[in-house]
Amino acid sequence: MPPLAPPDPATLDDLTGAERAALATLREADEWGSGYSAQQSTRSQTVGYGLVDSPAALCAWIVEKFWSWTDSGGDLHRVVTRDELLDNLMLYWLPGTGASSARLYWESLRQVNEWISGSAGAPVTVPTGCSVFPKELQRPSRRWAERRFPNIRYWNEPGKGGHFAAFEQPALFVDEVRSFFRLVR
C-alpha cells in the first residue's frame, strides 16, 4: 500500500513528471471515480442493503473497482481470473459483510482524504516501507511521503501492479514485504 501523504505545497512549482501524473490521477479519480466512496461515506447503509440482498449488485459494485483499479491494460482477466473474482465476492456474500465493508468509508473517509490531499498530519515515526505500484490511485513521491513518514527505510516503485497488488501480483507483493522486513529485523 502506498503511504497516504498529500502533495507538498512547497514542491508545486517544481514537480517531477511522476508527481504531475500522480496529481492528474487524483484529479481524474475525484471527478470521475469517487462516486462509490461518496455514497459509502455518506449513506453506507443504503448501498449496504443492496450489497447484502443482491449477488448481482454485489458483483457489479466490487468487480467495477477491480476493473478500474488493477494494472490490467483493460483486460481484467490478464491479472485476476474469474474464479479468483468469485472467491473474492464470496468473502463478502457468504458472511453478509457488504454493508459493514461500506460502513468503513462512513467511519474513516474524511480522515483518509485529509491524509491524501490535506495536511501531512502528525508524523509517523516508526520504520516505514513503501511500495508505490504504478496503477494505484494514490502515488505520492518520496519527497511528499517523507513529510509524514520521516523514517522511510524502504522505498520502491515496482513496474506493475495496481490497488489490489497483493491479489494481482502476489509474488511481487511478497518480495516487496520481504525486502522491507529484511532491513528492520
# chains A, B, ... in the order shown; residues from 1 in each chain; ligands from 1
>>> residues_around(residues="range 174-176 of chain A", least_positions_apart="3", cutoff="12 Å", atoms="only C-alpha atoms", output="count of residues only")
25
>>> select_by_dssp(residues="range 11-124 of chain A", states="alpha helix (DSSP H)", output="JSON, numbers by chain")
{"A": [17, 18, 19, 20, 21, 22, 23, 24, 25, 26, 27, 28, 29, 30, 31, 32, 35, 36, 37, 38, 39, 40, 41, 42, 44, 45, 46, 47, 48, 49, 50, 51, 52, 53, 55, 56, 57, 58, 59, 60, 61, 62, 63, 64, 65, 66, 67, 68, 69, 82, 83, 84, 85, 86, 87, 88, 89, 90, 91, 92, 93, 98, 99, 100, 101, 102, 103, 104, 105, 106, 107, 108, 109, 110, 111, 112, 113, 114, 115, 116, 117]}
>>> closest_atom_pairs(of="range 8-48 of chain A", to="range 66-87 of chain A", cutoff="12 Å", atoms="only C-alpha atoms", output="JSON lines")
{"residue": "A:Thr25", "atom": "CA", "partner": "A:Trp69", "partner_atom": "CA", "distance": 11.5}
{"residue": "A:Ala29", "atom": "CA", "partner": "A:Ser68", "partner_atom": "CA", "distance": 10.2}
{"residue": "A:Trp32", "atom": "CA", "partner": "A:Ser68", "partner_atom": "CA", "distance": 11.0}
{"residue": "A:Gly33", "atom": "CA", "partner": "A:Ser68", "partner_atom": "CA", "distance": 8.6}
{"residue": "A:Ser34", "atom": "CA", "partner": "A:Ser68", "partner_atom": "CA", "distance": 11.4}
>>> atom_distance(atom1="CA of Tyr49 in chain A", atom2="CA of Glu28 in chain A")
28.6 Å
>>> residues_around(residues="range 7-22 of chain A", least_positions_apart="2", cutoff="9 Å", atoms="only C-alpha atoms", output="list in words")
Ala5, Ala24, Thr25, Leu26, Arg27, Ile116, Ser117, Gly118, Ser119, Ala120, Leu137, Gln138, Arg139, Pro140, Ser141, Arg143, Trp144, Ala145 and Arg147 of chain A
>>> write_last_selection(atoms="N, CA, C and O atoms", output="PDB file, in the first residue's frame")
ATOM      1  N   ALA A   5      -0.102  10.243   1.859  1.00  0.00           N
ATOM      2  CA  ALA A   5       0.569  11.515   2.107  1.00  0.00           C
ATOM      3  C   ALA A   5       0.161  12.502   1.024  1.00  0.00           C
ATOM      4  O   ALA A   5       0.135  12.149  -0.154  1.00  0.00           O
ATOM      5  N   ALA A  24      -2.602  14.337 -11.601  1.00  0.00           N
ATOM      6  CA  ALA A  24      -3.622  14.152 -12.644  1.00  0.00           C
ATOM      7  C   ALA A  24      -4.513  12.951 -12.315  1.00  0.00           C
ATOM      8  O   ALA A  24      -5.738  13.013 -12.497  1.00  0.00           O
ATOM      9  N   THR A  25      -3.920  11.873 -11.812  1.00  0.00           N
ATOM     10  CA  THR A  25      -4.701  10.697 -11.436  1.00  0.00           C
ATOM     11  C   THR A  25      -5.650  11.031 -10.296  1.00  0.00           C
ATOM     12  O   THR A  25      -6.816  10.626 -10.313  1.00  0.00           O
ATOM     13  N   LEU A  26      -5.178  11.782  -9.312  1.00  0.00           N
ATOM     14  CA  LEU A  26      -6.048  12.173  -8.197  1.00  0.00           C
ATOM     15  C   LEU A  26      -7.197  13.044  -8.684  1.00  0.00           C
ATOM     16  O   LEU A  26      -8.344  12.880  -8.247  1.00  0.00           O
ATOM     17  N   ARG A  27      -6.916  13.995  -9.596  1.00  0.00           N
ATOM     18  CA  ARG A  27      -7.987  14.853 -10.138  1.00  0.00           C
ATOM     19  C   ARG A  27      -9.010  14.016 -10.905  1.00  0.00           C
ATOM     20  O   ARG A  27     -10.211  14.197 -10.755  1.00  0.00           O
ATOM     21  N   ILE A 116      -4.573  12.138   2.206  1.00  0.00           N
ATOM     22  CA  ILE A 116      -4.242  12.101   0.783  1.00  0.00           C
ATOM     23  C   ILE A 116      -4.074  13.499   0.198  1.00  0.00           C
ATOM     24  O   ILE A 116      -3.176  13.741  -0.595  1.00  0.00           O
ATOM     25  N   SER A 117      -4.923  14.427   0.608  1.00  0.00           N
ATOM     26  CA  SER A 117      -4.897  15.728  -0.066  1.00  0.00           C
ATOM     27  C   SER A 117      -4.911  16.923   0.863  1.00  0.00           C
ATOM     28  O   SER A 117      -4.887  18.052   0.389  1.00  0.00           O
ATOM     29  N   GLY A 118      -4.932  16.713   2.149  1.00  0.00           N
ATOM     30  CA  GLY A 118      -4.952  17.831   3.091  1.00  0.00           C
ATOM     31  C   GLY A 118      -3.570  18.116   3.644  1.00  0.00           C
ATOM     32  O   GLY A 118      -2.591  18.172   2.906  1.00  0.00           O
ATOM     33  N   SER A 119      -3.481  18.208   4.940  1.00  0.00           N
ATOM     34  CA  SER A 119      -2.186  18.443   5.574  1.00  0.00           C
ATOM     35  C   SER A 119      -1.488  17.105   5.795  1.00  0.00           C
ATOM     36  O   SER A 119      -2.128  16.059   5.798  1.00  0.00           O
ATOM     37  N   ALA A 120      -0.201  17.139   5.976  1.00  0.00           N
ATOM     38  CA  ALA A 120       0.549  15.903   6.198  1.00  0.00           C
ATOM     39  C   ALA A 120       0.150  15.233   7.504  1.00  0.00           C
ATOM     40  O   ALA A 120       0.286  14.035   7.661  1.00  0.00           O
ATOM     41  N   LEU A 137      -4.136   4.497  -7.142  1.00  0.00           N
ATOM     42  CA  LEU A 137      -4.672   5.857  -7.268  1.00  0.00           C
ATOM     43  C   LEU A 137      -3.789   6.872  -6.551  1.00  0.00           C
ATOM     44  O   LEU A 137      -3.502   7.933  -7.088  1.00  0.00           O
ATOM     45  N   GLN A 138      -3.396   6.591  -5.334  1.00  0.00           N
ATOM     46  CA  GLN A 138      -2.535   7.492  -4.579  1.00  0.00           C
ATOM     47  C   GLN A 138      -1.091   7.057  -4.789  1.00  0.00           C
ATOM     48  O   GLN A 138      -0.702   5.979  -4.356  1.00  0.00           O
ATOM     49  N   ARG A 139      -0.340   7.920  -5.452  1.00  0.00           N
ATOM     50  CA  ARG A 139       1.064   7.611  -5.725  1.00  0.00           C
ATOM     51  C   ARG A 139       1.934   8.809  -5.323  1.00  0.00           C
ATOM     52  O   ARG A 139       2.499   9.486  -6.182  1.00  0.00           O
ATOM     53  N   PRO A 140       2.054   9.062  -4.027  1.00  0.00           N
ATOM     54  CA  PRO A 140       2.886  10.198  -3.622  1.00  0.00           C
ATOM     55  C   PRO A 140       4.351   9.946  -3.951  1.00  0.00           C
ATOM     56  O   PRO A 140       4.805   8.803  -3.995  1.00  0.00           O
ATOM     57  N   SER A 141       5.059  11.022  -4.208  1.00  0.00           N
ATOM     58  CA  SER A 141       6.503  10.886  -4.398  1.00  0.00           C
ATOM     59  C   SER A 141       7.153  10.682  -3.031  1.00  0.00           C
ATOM     60  O   SER A 141       6.549  10.954  -1.988  1.00  0.00           O
ATOM     61  N   ARG A 143       9.505  12.431  -1.745  1.00  0.00           N
ATOM     62  CA  ARG A 143       9.671  13.699  -1.021  1.00  0.00           C
ATOM     63  C   ARG A 143       8.362  14.147  -0.381  1.00  0.00           C
ATOM     64  O   ARG A 143       8.386  14.780   0.663  1.00  0.00           O
ATOM     65  N   TRP A 144       7.224  13.827  -0.984  1.00  0.00           N
ATOM     66  CA  TRP A 144       5.952  14.148  -0.332  1.00  0.00           C
ATOM     67  C   TRP A 144       5.732  13.237   0.872  1.00  0.00           C
ATOM     68  O   TRP A 144       5.312  13.683   1.936  1.00  0.00           O
ATOM     69  N   ALA A 145       6.010  11.949   0.685  1.00  0.00           N
ATOM     70  CA  ALA A 145       5.784  10.975   1.754  1.00  0.00           C
ATOM     71  C   ALA A 145       6.669  11.247   2.967  1.00  0.00           C
ATOM     72  O   ALA A 145       6.249  11.030   4.106  1.00  0.00           O
ATOM     73  N   ARG A 147       7.462  13.885   4.391  1.00  0.00           N
ATOM     74  CA  ARG A 147       6.914  14.894   5.314  1.00  0.00           C
ATOM     75  C   ARG A 147       6.103  14.225   6.415  1.00  0.00           C
ATOM     76  O   ARG A 147       6.090  14.677   7.552  1.00  0.00           O
TER      77      ARG A 147
END
